[in-house]
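Enquirer: My structure file data.pdb, PDB, C-alpha atoms and all ligand atoms, is below:
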```pdb
MODEL        1
ATOM      1  CA  MET A   1      -4.655-122.420 -13.888  1.00  0.00           C
ATOM      2  CA  LYS A   2      -8.422-122.544 -13.720  1.00  0.00           C
ATOM      3  CA  ILE A   3     -10.448-123.809 -16.682  1.00  0.00           C
ATOM      4  CA  LEU A   4     -14.238-123.820 -17.043  1.00  0.00           C
ATOM      5  CA  ILE A   5     -15.887-126.342 -19.364  1.00  0.00           C
ATOM      6  CA  ILE A   6     -19.382-125.454 -20.556  1.00  0.00           C
ATOM      7  CA  ASN A   7     -21.366-128.098 -22.418  1.00  0.00           C
ATOM      8  CA  GLY A   8     -24.554-127.129 -24.194  1.00  0.00           C
ATOM      9  CA  PRO A   9     -27.741-128.908 -25.215  1.00  0.00           C
ATOM     10  CA  ASN A  10     -27.966-132.683 -25.466  1.00  0.00           C
ATOM     11  CA  LEU A  11     -24.390-133.181 -24.299  1.00  0.00           C
ATOM     12  CA  ASN A  12     -25.766-134.539 -21.010  1.00  0.00           C
ATOM     13  CA  LEU A  13     -26.668-137.600 -23.094  1.00  0.00           C
ATOM     14  CA  LEU A  14     -23.103-138.380 -24.182  1.00  0.00           C
ATOM     15  CA  GLY A  15     -22.589-142.121 -23.987  1.00  0.00           C
ATOM     16  CA  THR A  16     -26.050-143.004 -25.244  1.00  0.00           C
ATOM     17  CA  ARG A  17     -26.735-140.254 -27.810  1.00  0.00           C
ATOM     18  CA  GLU A  18     -25.795-141.257 -31.379  1.00  0.00           C
ATOM     19  CA  PRO A  19     -22.771-143.286 -30.196  1.00  0.00           C
ATOM     20  CA  ASP A  20     -21.587-143.771 -33.781  1.00  0.00           C
ATOM     21  CA  ILE A  21     -20.916-140.004 -33.866  1.00  0.00           C
ATOM     22  CA  TYR A  22     -20.220-139.080 -30.241  1.00  0.00           C
ATOM     23  CA  GLY A  23     -18.869-142.331 -28.790  1.00  0.00           C
ATOM     24  CA  SER A  24     -20.176-144.441 -25.954  1.00  0.00           C
ATOM     25  CA  ARG A  25     -18.528-142.738 -23.004  1.00  0.00           C
ATOM     26  CA  SER A  26     -20.354-140.388 -20.660  1.00  0.00           C
ATOM     27  CA  PHE A  27     -18.841-136.946 -20.130  1.00  0.00           C
ATOM     28  CA  GLU A  28     -18.738-137.517 -16.370  1.00  0.00           C
ATOM     29  CA  SER A  29     -16.524-140.569 -16.896  1.00  0.00           C
ATOM     30  CA  TYR A  30     -14.242-138.647 -19.282  1.00  0.00           C
ATOM     31  CA  LEU A  31     -14.071-135.723 -16.836  1.00  0.00           C
ATOM     32  CA  VAL A  32     -12.486-137.926 -14.157  1.00  0.00           C
ATOM     33  CA  GLU A  33      -9.706-138.841 -16.606  1.00  0.00           C
ATOM     34  CA  LEU A  34      -9.368-135.263 -17.880  1.00  0.00           C
ATOM     35  CA  ARG A  35      -8.894-133.951 -14.344  1.00  0.00           C
ATOM     36  CA  GLU A  36      -6.202-136.598 -13.759  1.00  0.00           C
ATOM     37  CA  MET A  37      -4.439-135.622 -16.995  1.00  0.00           C
ATOM     38  CA  LEU A  38      -4.609-131.945 -16.016  1.00  0.00           C
ATOM     39  CA  ASP A  39      -3.279-132.571 -12.547  1.00  0.00           C
ATOM     40  CA  GLY A  40      -2.320-129.214 -11.088  1.00  0.00           C
ATOM     41  CA  ASP A  41      -4.949-127.303 -13.031  1.00  0.00           C
ATOM     42  CA  GLU A  42      -8.464-126.776 -11.742  1.00  0.00           C
ATOM     43  CA  VAL A  43     -11.289-127.898 -14.042  1.00  0.00           C
ATOM     44  CA  GLU A  44     -14.822-126.685 -13.379  1.00  0.00           C
ATOM     45  CA  TYR A  45     -17.704-128.144 -15.366  1.00  0.00           C
ATOM     46  CA  MET A  46     -21.285-127.199 -16.122  1.00  0.00           C
ATOM     47  CA  GLN A  47     -23.828-128.460 -18.651  1.00  0.00           C
ATOM     48  CA  SER A  48     -27.132-126.935 -19.624  1.00  0.00           C
ATOM     49  CA  ASN A  49     -29.765-127.490 -22.251  1.00  0.00           C
ATOM     50  CA  HIS A  50     -30.838-123.846 -21.935  1.00  0.00           C
ATOM     51  CA  GLU A  51     -29.334-120.977 -23.891  1.00  0.00           C
ATOM     52  CA  GLY A  52     -29.812-118.439 -21.061  1.00  0.00           C
ATOM     53  CA  ASP A  53     -28.007-120.674 -18.551  1.00  0.00           C
ATOM     54  CA  ILE A  54     -25.023-120.875 -20.884  1.00  0.00           C
ATOM     55  CA  ILE A  55     -25.029-117.085 -21.242  1.00  0.00           C
ATOM     56  CA  ASP A  56     -25.229-116.688 -17.437  1.00  0.00           C
ATOM     57  CA  ALA A  57     -22.305-119.105 -17.017  1.00  0.00           C
ATOM     58  CA  LEU A  58     -20.227-117.083 -19.490  1.00  0.00           C
ATOM     59  CA  HIS A  59     -21.096-113.806 -17.721  1.00  0.00           C
ATOM     60  CA  GLY A  60     -20.289-115.245 -14.287  1.00  0.00           C
ATOM     61  CA  ALA A  61     -17.105-117.068 -15.222  1.00  0.00           C
ATOM     62  CA  SER A  62     -14.004-116.409 -13.171  1.00  0.00           C
ATOM     63  CA  CYS A  63     -11.188-118.452 -14.674  1.00  0.00           C
ATOM     64  CA  ASP A  64      -8.228-118.329 -17.059  1.00  0.00           C
ATOM     65  CA  GLY A  65      -9.997-119.883 -20.033  1.00  0.00           C
ATOM     66  CA  ILE A  66     -13.311-121.387 -21.081  1.00  0.00           C
ATOM     67  CA  ILE A  67     -13.845-124.514 -23.176  1.00  0.00           C
ATOM     68  CA  LEU A  68     -17.267-124.207 -24.789  1.00  0.00           C
ATOM     69  CA  ASN A  69     -19.123-126.922 -26.655  1.00  0.00           C
ATOM     70  CA  ALA A  70     -22.316-125.038 -27.417  1.00  0.00           C
ATOM     71  CA  GLY A  71     -23.832-128.047 -29.219  1.00  0.00           C
ATOM     72  CA  ALA A  72     -26.451-127.019 -31.768  1.00  0.00           C
ATOM     73  CA  TYR A  73     -26.467-123.458 -30.382  1.00  0.00           C
ATOM     74  CA  THR A  74     -23.105-123.125 -32.141  1.00  0.00           C
ATOM     75  CA  HIS A  75     -24.985-122.867 -35.411  1.00  0.00           C
ATOM     76  CA  THR A  76     -27.842-120.628 -34.270  1.00  0.00           C
ATOM     77  CA  SER A  77     -27.080-118.479 -31.235  1.00  0.00           C
ATOM     78  CA  LEU A  78     -26.163-114.861 -31.785  1.00  0.00           C
ATOM     79  CA  ALA A  79     -26.912-114.366 -28.079  1.00  0.00           C
ATOM     80  CA  ILE A  80     -24.129-116.764 -27.038  1.00  0.00           C
ATOM     81  CA  ALA A  81     -21.763-115.099 -29.535  1.00  0.00           C
ATOM     82  CA  ASP A  82     -22.603-111.709 -27.988  1.00  0.00           C
ATOM     83  CA  ALA A  83     -21.976-113.090 -24.473  1.00  0.00           C
ATOM     84  CA  ILE A  84     -18.542-114.364 -25.526  1.00  0.00           C
ATOM     85  CA  LYS A  85     -17.762-110.939 -26.986  1.00  0.00           C
ATOM     86  CA  ALA A  86     -18.872-109.267 -23.753  1.00  0.00           C
ATOM     87  CA  ILE A  87     -16.379-111.045 -21.493  1.00  0.00           C
ATOM     88  CA  GLN A  88     -12.603-110.766 -21.260  1.00  0.00           C
ATOM     89  CA  ILE A  89     -11.828-114.465 -20.734  1.00  0.00           C
ATOM     90  CA  PRO A  90     -10.636-116.376 -23.818  1.00  0.00           C
ATOM     91  CA  VAL A  91     -13.124-118.988 -25.068  1.00  0.00           C
ATOM     92  CA  ILE A  92     -12.126-122.047 -27.088  1.00  0.00           C
ATOM     93  CA  GLU A  93     -14.870-123.557 -29.257  1.00  0.00           C
ATOM     94  CA  VAL A  94     -14.898-127.345 -29.072  1.00  0.00           C
ATOM     95  CA  HIS A  95     -16.744-130.086 -30.929  1.00  0.00           C
ATOM     96  CA  ILE A  96     -16.496-133.811 -30.439  1.00  0.00           C
ATOM     97  CA  SER A  97     -17.380-134.563 -34.058  1.00  0.00           C
ATOM     98  CA  ASN A  98     -15.775-133.077 -37.158  1.00  0.00           C
ATOM     99  CA  VAL A  99     -18.590-130.640 -37.904  1.00  0.00           C
ATOM    100  CA  ALA A 100     -16.971-129.723 -41.255  1.00  0.00           C
ATOM    101  CA  SER A 101     -17.616-133.253 -42.521  1.00  0.00           C
ATOM    102  CA  ARG A 102     -21.285-133.269 -41.492  1.00  0.00           C
ATOM    103  CA  GLU A 103     -24.485-131.597 -42.766  1.00  0.00           C
ATOM    104  CA  ALA A 104     -24.099-128.118 -44.286  1.00  0.00           C
ATOM    105  CA  ILE A 105     -25.935-126.421 -41.384  1.00  0.00           C
ATOM    106  CA  ARG A 106     -23.142-127.586 -39.055  1.00  0.00           C
ATOM    107  CA  HIS A 107     -20.490-125.885 -41.218  1.00  0.00           C
ATOM    108  CA  THR A 108     -21.604-122.490 -39.940  1.00  0.00           C
ATOM    109  CA  SER A 109     -20.565-121.408 -36.461  1.00  0.00           C
ATOM    110  CA  LEU A 110     -21.868-118.103 -35.130  1.00  0.00           C
ATOM    111  CA  ILE A 111     -19.448-118.337 -32.214  1.00  0.00           C
ATOM    112  CA  ALA A 112     -16.231-119.150 -34.129  1.00  0.00           C
ATOM    113  CA  PRO A 113     -15.429-115.508 -35.000  1.00  0.00           C
ATOM    114  CA  VAL A 114     -15.537-114.465 -31.331  1.00  0.00           C
ATOM    115  CA  CYS A 115     -13.660-117.469 -29.935  1.00  0.00           C
ATOM    116  CA  GLN A 116      -9.906-117.686 -29.683  1.00  0.00           C
ATOM    117  CA  GLY A 117      -9.940-120.810 -31.847  1.00  0.00           C
ATOM    118  CA  THR A 118     -11.790-124.019 -32.609  1.00  0.00           C
ATOM    119  CA  ILE A 119     -10.938-127.670 -31.966  1.00  0.00           C
ATOM    120  CA  ALA A 120     -13.214-130.235 -33.580  1.00  0.00           C
ATOM    121  CA  GLY A 121     -13.229-133.847 -34.618  1.00  0.00           C
ATOM    122  CA  PHE A 122     -11.014-135.506 -32.004  1.00  0.00           C
ATOM    123  CA  GLY A 123     -13.781-137.115 -29.995  1.00  0.00           C
ATOM    124  CA  LEU A 124     -13.698-136.353 -26.275  1.00  0.00           C
ATOM    125  CA  ASN A 125      -9.974-135.725 -26.663  1.00  0.00           C
ATOM    126  CA  SER A 126     -10.984-132.367 -28.215  1.00  0.00           C
ATOM    127  CA  TYR A 127     -11.485-131.123 -24.615  1.00  0.00           C
ATOM    128  CA  PHE A 128      -7.955-132.150 -23.597  1.00  0.00           C
ATOM    129  CA  LEU A 129      -6.524-130.430 -26.675  1.00  0.00           C
ATOM    130  CA  ALA A 130      -8.508-127.274 -25.877  1.00  0.00           C
ATOM    131  CA  ALA A 131      -7.195-127.344 -22.296  1.00  0.00           C
ATOM    132  CA  GLN A 132      -3.657-127.538 -23.700  1.00  0.00           C
ATOM    133  CA  ALA A 133      -4.405-124.474 -25.840  1.00  0.00           C
ATOM    134  CA  ILE A 134      -5.408-122.557 -22.704  1.00  0.00           C
ATOM    135  CA  ILE A 135      -2.517-123.814 -20.570  1.00  0.00           C
ATOM    136  CA  MET A 136       0.101-123.183 -23.279  1.00  0.00           C
ATOM    137  CA  SER A 137      -1.258-119.802 -24.344  1.00  0.00           C
ATOM    138  CA  PRO A 138       1.653-117.339 -24.586  1.00  0.00           C
ATOM    139  CA  GLU A 139      -0.546-114.626 -23.043  1.00  0.00           C
ATOM    140  CA  ARG A 140      -0.690-116.459 -19.720  1.00  0.00           C
TER
HETATM  141  C1  LIG B 201     -21.402-130.951 -31.451  1.00  0.00           C
HETATM  142  C2  LIG B 201     -21.733-130.713 -32.925  1.00  0.00           C
HETATM  143  C3  LIG B 201     -23.049-129.965 -33.065  1.00  0.00           C
HETATM  144  O1  LIG B 201     -23.340-129.767 -34.445  1.00  0.00           O
HETATM  145  C4  LIG B 201     -24.163-130.763 -32.444  1.00  0.00           C
HETATM  146  O2  LIG B 201     -25.380-130.069 -32.524  1.00  0.00           O
HETATM  147  C5  LIG B 201     -23.868-131.191 -31.051  1.00  0.00           C
HETATM  148  C6  LIG B 201     -22.526-131.656 -30.725  1.00  0.00           C
HETATM  149  C7  LIG B 201     -20.129-131.791 -31.271  1.00  0.00           C
HETATM  150  O3  LIG B 201     -19.585-131.778 -30.178  1.00  0.00           O
HETATM  151  O4  LIG B 201     -19.700-132.477 -32.207  1.00  0.00           O
HETATM  152  O5  LIG B 201     -24.739-131.205 -30.194  1.00  0.00           O
HETATM  153  O6  LIG B 201     -21.169-129.686 -30.839  1.00  0.00           O
ENDMDL
END
```
As structure tokens, what does this structure read like?

Expert:
Amino acid sequence: MKILIINGPNLNLLGTREPDIYGSRSFESYLVELREMLDGDEVEYMQSNHEGDIIDALHGASCDGIILNAGAYTHTSLAIADAIKAIQIPVIEVHISNVASREAIRHTSLIAPVCQGTIAGFGLNSYFLAAQAIIMSPER
């Protein structure tokens, strides 16, 4: 199975950005472990701080499922929601932090209604759990 992970704005700074919330591990370091844990499945990864790049990645995706952490665009981007709606590949919304326990603005997700489901609050392990959701999907 082929999985694409898309990380949005500021997630390139994982490891040093607000470590009390996001932990002190870089995504690149976690990705090595994730690929080991998902041995047998292919994991592609891209990160961008730019909304249009994320939309282009969604449009161009060729895989069985997409794990999307849209960062703050989660709460603001109708354009990313429209891009998810426009493609046939299932998208799982992921957050490292438990957004429901944070500021009110983070309680709203414009992408949640067009994603297959949401996994939030399990630290970097949220990505592994999302990968399991794709791999174990009864539709595959
Ligand atoms: C985040 C939560 C968002 O509210 C925030 O803007 C992020 C990271 C998370 O993974 O917890 O950049 O998506």

Enquirer: Taking (-15.9, -135.0, -35.7) in the file's coordinates as the center, which residues reach within 12 Å of it, counting all atoms listed in the file, put as a ChimeraX atom specification?

Expert: /A:20-23,94-103,106-107,119-126

Enquirer: Go ahead and write the residues just picked, C-alpha atoms, as a PDB file, keeping the file's coordinate frame.

Expert:
```pdb
ATOM      1  CA  ASP A  20     -21.587-143.771 -33.781  1.00  0.00           C
ATOM      2  CA  ILE A  21     -20.916-140.004 -33.866  1.00  0.00           C
ATOM      3  CA  TYR A  22     -20.220-139.080 -30.241  1.00  0.00           C
ATOM      4  CA  GLY A  23     -18.869-142.331 -28.790  1.00  0.00           C
ATOM      5  CA  VAL A  94     -14.898-127.345 -29.072  1.00  0.00           C
ATOM      6  CA  HIS A  95     -16.744-130.086 -30.929  1.00  0.00           C
ATOM      7  CA  ILE A  96     -16.496-133.811 -30.439  1.00  0.00           C
ATOM      8  CA  SER A  97     -17.380-134.563 -34.058  1.00  0.00           C
ATOM      9  CA  ASN A  98     -15.775-133.077 -37.158  1.00  0.00           C
ATOM     10  CA  VAL A  99     -18.590-130.640 -37.904  1.00  0.00           C
ATOM     11  CA  ALA A 100     -16.971-129.723 -41.255  1.00  0.00           C
ATOM     12  CA  SER A 101     -17.616-133.253 -42.521  1.00  0.00           C
ATOM     13  CA  ARG A 102     -21.285-133.269 -41.492  1.00  0.00           C
ATOM     14  CA  GLU A 103     -24.485-131.597 -42.766  1.00  0.00           C
ATOM     15  CA  ARG A 106     -23.142-127.586 -39.055  1.00  0.00           C
ATOM     16  CA  HIS A 107     -20.490-125.885 -41.218  1.00  0.00           C
ATOM     17  CA  ILE A 119     -10.938-127.670 -31.966  1.00  0.00           C
ATOM     18  CA  ALA A 120     -13.214-130.235 -33.580  1.00  0.00           C
ATOM     19  CA  GLY A 121     -13.229-133.847 -34.618  1.00  0.00           C
ATOM     20  CA  PHE A 122     -11.014-135.506 -32.004  1.00  0.00           C
ATOM     21  CA  GLY A 123     -13.781-137.115 -29.995  1.00  0.00           C
ATOM     22  CA  LEU A 124     -13.698-136.353 -26.275  1.00  0.00           C
ATOM     23  CA  ASN A 125      -9.974-135.725 -26.663  1.00  0.00           C
ATOM     24  CA  SER A 126     -10.984-132.367 -28.215  1.00  0.00           C
TER      25      SER A 126
END
```

Enquirer: On this structure, which residues satisfy the PyMOL selection byres (((chain A and resi 137) around 12) and not hetatm), written as a PyMOL selection string?

Expert: chain A and resi 1+64-65+90-92+116-117+130-136+138-140

Enquirer: With C-alpha atoms kept, could you save the residues just selected as a PDB file, in the coordinates of the input?

Expert:
```pdb
ATOM      1  CA  MET A   1      -4.655-122.420 -13.888  1.00  0.00           C
ATOM      2  CA  ASP A  64      -8.228-118.329 -17.059  1.00  0.00           C
ATOM      3  CA  GLY A  65      -9.997-119.883 -20.033  1.00  0.00           C
ATOM      4  CA  PRO A  90     -10.636-116.376 -23.818  1.00  0.00           C
ATOM      5  CA  VAL A  91     -13.124-118.988 -25.068  1.00  0.00           C
ATOM      6  CA  ILE A  92     -12.126-122.047 -27.088  1.00  0.00           C
ATOM      7  CA  GLN A 116      -9.906-117.686 -29.683  1.00  0.00           C
ATOM      8  CA  GLY A 117      -9.940-120.810 -31.847  1.00  0.00           C
ATOM      9  CA  ALA A 130      -8.508-127.274 -25.877  1.00  0.00           C
ATOM     10  CA  ALA A 131      -7.195-127.344 -22.296  1.00  0.00           C
ATOM     11  CA  GLN A 132      -3.657-127.538 -23.700  1.00  0.00           C
ATOM     12  CA  ALA A 133      -4.405-124.474 -25.840  1.00  0.00           C
ATOM     13  CA  ILE A 134      -5.408-122.557 -22.704  1.00  0.00           C
ATOM     14  CA  ILE A 135      -2.517-123.814 -20.570  1.00  0.00           C
ATOM     15  CA  MET A 136       0.101-123.183 -23.279  1.00  0.00           C
ATOM     16  CA  PRO A 138       1.653-117.339 -24.586  1.00  0.00           C
ATOM     17  CA  GLU A 139      -0.546-114.626 -23.043  1.00  0.00           C
ATOM     18  CA  ARG A 140      -0.690-116.459 -19.720  1.00  0.00           C
TER      19      ARG A 140
END
```

Enquirer: Determine the residue membership of the PyMOL selection byres (((chain A and resi 70-86) around 6) and not hetatm) for the file above and supply it as a list in words.

Expert: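 Checked against the file, the PyMOL selection byres (((chain A and resi 70-86) around 6) and not hetatm) matches Asn7, Gly8, Pro9, Ile55, Leu68, Asn69, Ile87, Thr108, Ser109, Leu110 and Ile111 of chain A.
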
Enquirer: Report, in Å to a single decimal, how far apart atom CA of A:Ile89 and atom C6 of ligand LIG 201 (chain B) are.

Expert: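 Interatomic distance here is 22.6 Å.
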
Enquirer: One decimal, Å: what's the distance from atom CA of A:Ser29 over to atom CA of A:Asp56, could you say?

Expert: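 Computed distance, atom CA of A:Ser29 to atom CA of A:Asp56, equals 25.4 Å.
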
Enquirer: Calculated over only C-alpha atoms and all ligand atoms, which of the candidates A:Ile5, A:Leu14, A:Leu58, A:Val43 has the smallest distance to ligand LIG 201 (chain B)?

Expert: A:Leu14

Enquirer: Which residues come within 8 Å of A:Ile6, counting all atoms listed in the file, excluding same-chain residues fewer than 4 positions away, as a short mmCIF file (atom, residue, chain, number, x, y, z; two decimals) with C-alpha atoms, in the frame of the given file?

Expert:
```
data_model
loop_
_atom_site.label_atom_id
_atom_site.label_comp_id
_atom_site.auth_asym_id
_atom_site.auth_seq_id
_atom_site.Cartn_x
_atom_site.Cartn_y
_atom_site.Cartn_z
CA TYR A 45 -17.70 -128.14 -15.37
CA MET A 46 -21.28 -127.20 -16.12
CA GLN A 47 -23.83 -128.46 -18.65
CA SER A 48 -27.13 -126.94 -19.62
CA ILE A 54 -25.02 -120.88 -20.88
CA ALA A 57 -22.30 -119.10 -17.02
CA ILE A 66 -13.31 -121.39 -21.08
CA ILE A 67 -13.84 -124.51 -23.18
CA LEU A 68 -17.27 -124.21 -24.79
CA ASN A 69 -19.12 -126.92 -26.66
CA ALA A 70 -22.32 -125.04 -27.42
#
```

Enquirer: Please report the interatomic distance between atom CA of A:Ile105 and atom CA of A:Leu4 in Å with one decimal.

Expert: 27.1 Å

Enquirer: Nearest residue to ligand LIG 201 (chain B) out of A:Leu11, A:Ile3, A:Met37, A:Val32, using all atoms listed in the file?

Expert: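 Checking each candidate against ligand LIG 201 (chain B), we get A:Leu11 as the closest.
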
Enquirer: Restricting the calculation to only C-alpha atoms and all ligand atoms, which member of A:Glu18, A:Asp53, A:Glu42, A:Glu36 is positioned closest to ligand LIG 201 (chain B)?

Expert: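 Of the candidates, the smallest distance to ligand LIG 201 (chain B) is held by A:Glu18.
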
Enquirer: Report as a VMD selection string all protein, DNA and RNA residues lying within 8 Å of A:Thr16, evaluated on all atoms listed in the file, omitting residues in the same chain fewer than 4 positions from it.

Expert: chain A and resid 24 to 26

Enquirer: Using all atoms listed in the file, pick whichever of A:Glu51, A:Cys115, A:Ala61, A:Glu93 has the shortest atom-to-atom distance to ligand LIG 201 (chain B).

Expert: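 Among the listed residues, the smallest separation from ligand LIG 201 (chain B) belongs to A:Glu93.
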
Enquirer: Would you mind telling me which residue in A:Val114, A:Asp41, A:Leu34, A:Asn49 lies nearest to ligand LIG 201 (chain B) when using only C-alpha atoms and all ligand atoms?

Expert: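 Nearest to ligand LIG 201 (chain B): A:Asn49.
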
Enquirer: May I ask which of the residues A:Gly40, A:Asn10, A:Gln88, A:Lys2 is the closest one to ligand LIG 201 (chain B), counting all atoms listed in the file?

Expert: A:Asn10

Enquirer: Output, as AutoDock Vina command-line options, the centre and edge lengths in Å (one decimal) of the axis-aligned box that contains all listed atoms of ligand LIG 201 (chain B) with 4 Å of margin on each side.

Expert:
```
--center_x -22.5 --center_y -131.1 --center_z -32.3 --size_x 13.8 --size_y 10.8 --size_z 12.3
```
